[in-house]
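A short worksheet on the structure shown next.
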Amino acid sequence: METQPFLGLLLLTTTIEELGQLNEDCTIKRCNQLKTILNQHVPHILQIIHVLINKHDYELKDALLIKQQVLRCLDRLINRLSILPLPSQLIDDLFQYASSTWSIDALNCIHELILKQHLPRQYDAILHASLRHVIQLILIVEQNLSATIINKLTEILHSLFNLHLKRCESIESFPMFELLTGFYKFTLQQVTNPSFCFFKFESKNFVFLIK
């Protein structure tokens, strides 16, 4: 194993997790200082993550383990950040990796992106790109995916509709038809009641109740 990148990522992930939690040993002022320092290093951290995600497996020893840790680090980072200075190319590559591997760690990162409110509005581009990529993911879902992956995709869809549907309507040329097509396809592929999607769509143009 290439211990240096793996251990470095593990340490970085732990640091990000710790900075997101206040405790008795760290005053609010000190925690805010540490978060400020972390924010200053976010561009460099994202660059490292981006490079490692794009590494071919043959370029890394224990590539799967390292990429799992890369994605867990990104997941924690997105969760902790109040803003999302993510490069568009990193978002594209994250979704590409998710669609080619159906990695639960990649899907967790995607879910964290969708859960964000994406404020201020200068981060609209990140939201718009993420929503379009989610549609592409749903359209290529296969029936032989594991229950864990299906459940995570269901959570992502729930979050998309609950948090962003009205905002989608304001996006020029948003592929609403493709979104509904993907939703129907995904829902009708479920073969058991527990995994069958239940959504209520409310918008100025339509109301659907699907069960």
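Chain lettering (A, B, ...) mirrors the order of the structure tokens, residue numbering begins at 1 for each chain separately, and ligand numbering begins at 1 in order of display.
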Exercise. A:Gln68: which residues within 9 Å, counting only C-alpha atoms, same-chain residues fewer than 5 positions away excluded, as a PyMOL selection string?
Worked result: chain A and resi 63+73+103+105-106
For this session: Pick out each residue of stretch 53-145 of chain A that DSSP on the backbone tags as alpha helix (DSSP H); I need them as a ChimeraX atom specification.
Result: /A:53,63-80,88-101,104-115,124-139
Problem set entry | Which of A:Phe6, A:Tyr123, A:Phe95, A:Phe177 sits closest to A:Arg72 [using only C-alpha atoms] |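 Checking each of A:Phe6, A:Tyr123, A:Phe95, A:Phe177 against A:Arg72, counting only C-alpha atoms, the winner is A:Phe6.
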Exercise. Can you tell me, as a VMD selection string, what residues are no more than 12 Å from A:Gln47 when counting only C-alpha atoms, ignoring any on the same chain fewer than 4 positions away?
Worked result: chain A and resid 41 to 43 51 to 54 70 74 85 to 87 89 to 90
Problem set entry | Atomic distance atom CA of A:Asp75 - atom CA of A:Leu107, expressed in Å with one decimal |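 So the answer is 9.3 Å.
The shortest atom-to-atom distance to A:Thr14, with only C-alpha atoms taken into account, belongs to A:Arg76 out of A:His50, A:Lys185, A:His128, A:Arg76.
Considering the residues A:Ile16, A:Val141, A:Leu131, A:Leu163 and counting only C-alpha atoms, A:Gln189 has its shortest atom-to-atom contact with A:Val141.
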For this session: Identify, on the basis of only C-alpha atoms, every residue whose closest approach to A:Phe183 does not exceed 9 Å; exclude the query and any residue fewer than 3 positions from it along the same chain; express the result as an MDAnalysis selection string.
Result: chainID A and resid 135 138:139 157 178:180 186:188 197
The selected residues should be written to file as a short mmCIF file (atom, residue, chain, number, x, y, z; two decimals), in the first residue's frame (atoms: C-alpha atoms).
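Saved result, result_14.cif, follows:
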data_model
loop_
_atom_site.label_atom_id
_atom_site.label_comp_id
_atom_site.auth_asym_id
_atom_site.auth_seq_id
_atom_site.Cartn_x
_atom_site.Cartn_y
_atom_site.Cartn_z
CA ILE A 135 -30.76 13.01 -13.72
CA ILE A 138 -31.03 7.96 -12.55
CA LEU A 139 -31.49 7.37 -16.27
CA LEU A 157 -34.07 11.82 -5.14
CA GLU A 178 -35.72 13.97 -18.32
CA LEU A 179 -36.00 14.29 -14.55
CA LEU A 180 -39.54 12.91 -14.55
CA PHE A 186 -36.28 4.35 -11.31
CA THR A 187 -39.58 3.89 -9.46
CA LEU A 188 -40.98 1.26 -11.78
CA CYS A 197 -40.37 5.23 -4.10
#
Exercise. Hey, can you check how far atom CA of A:Ile156 sits from atom CA of A:Asn108?
Worked result: 8.9 Å
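Using only C-alpha atoms for every distance, the candidate list A:Arg80, A:Arg121, A:Lys29, A:Lys55 yields A:Lys55 as the residue closest to A:Asp93.
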For this session: Just the residues within 12 Å of A:Ser146, please, counting only C-alpha atoms, with nothing from its chain fewer than 6 positions along; format it as a list in words.
Result: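 The neighbour list is Trp102, Ser103, Ile104, Lys152, Leu153, Gln190 and Ser195 of chain A.
Here the residues within stretch 4-210 of chain A that DSSP labels strand (DSSP E or B) on the basis of the backbone are Phe199, Lys200, Phe201, Glu202, Val207, Phe208, Leu209 and Ile210 of chain A.
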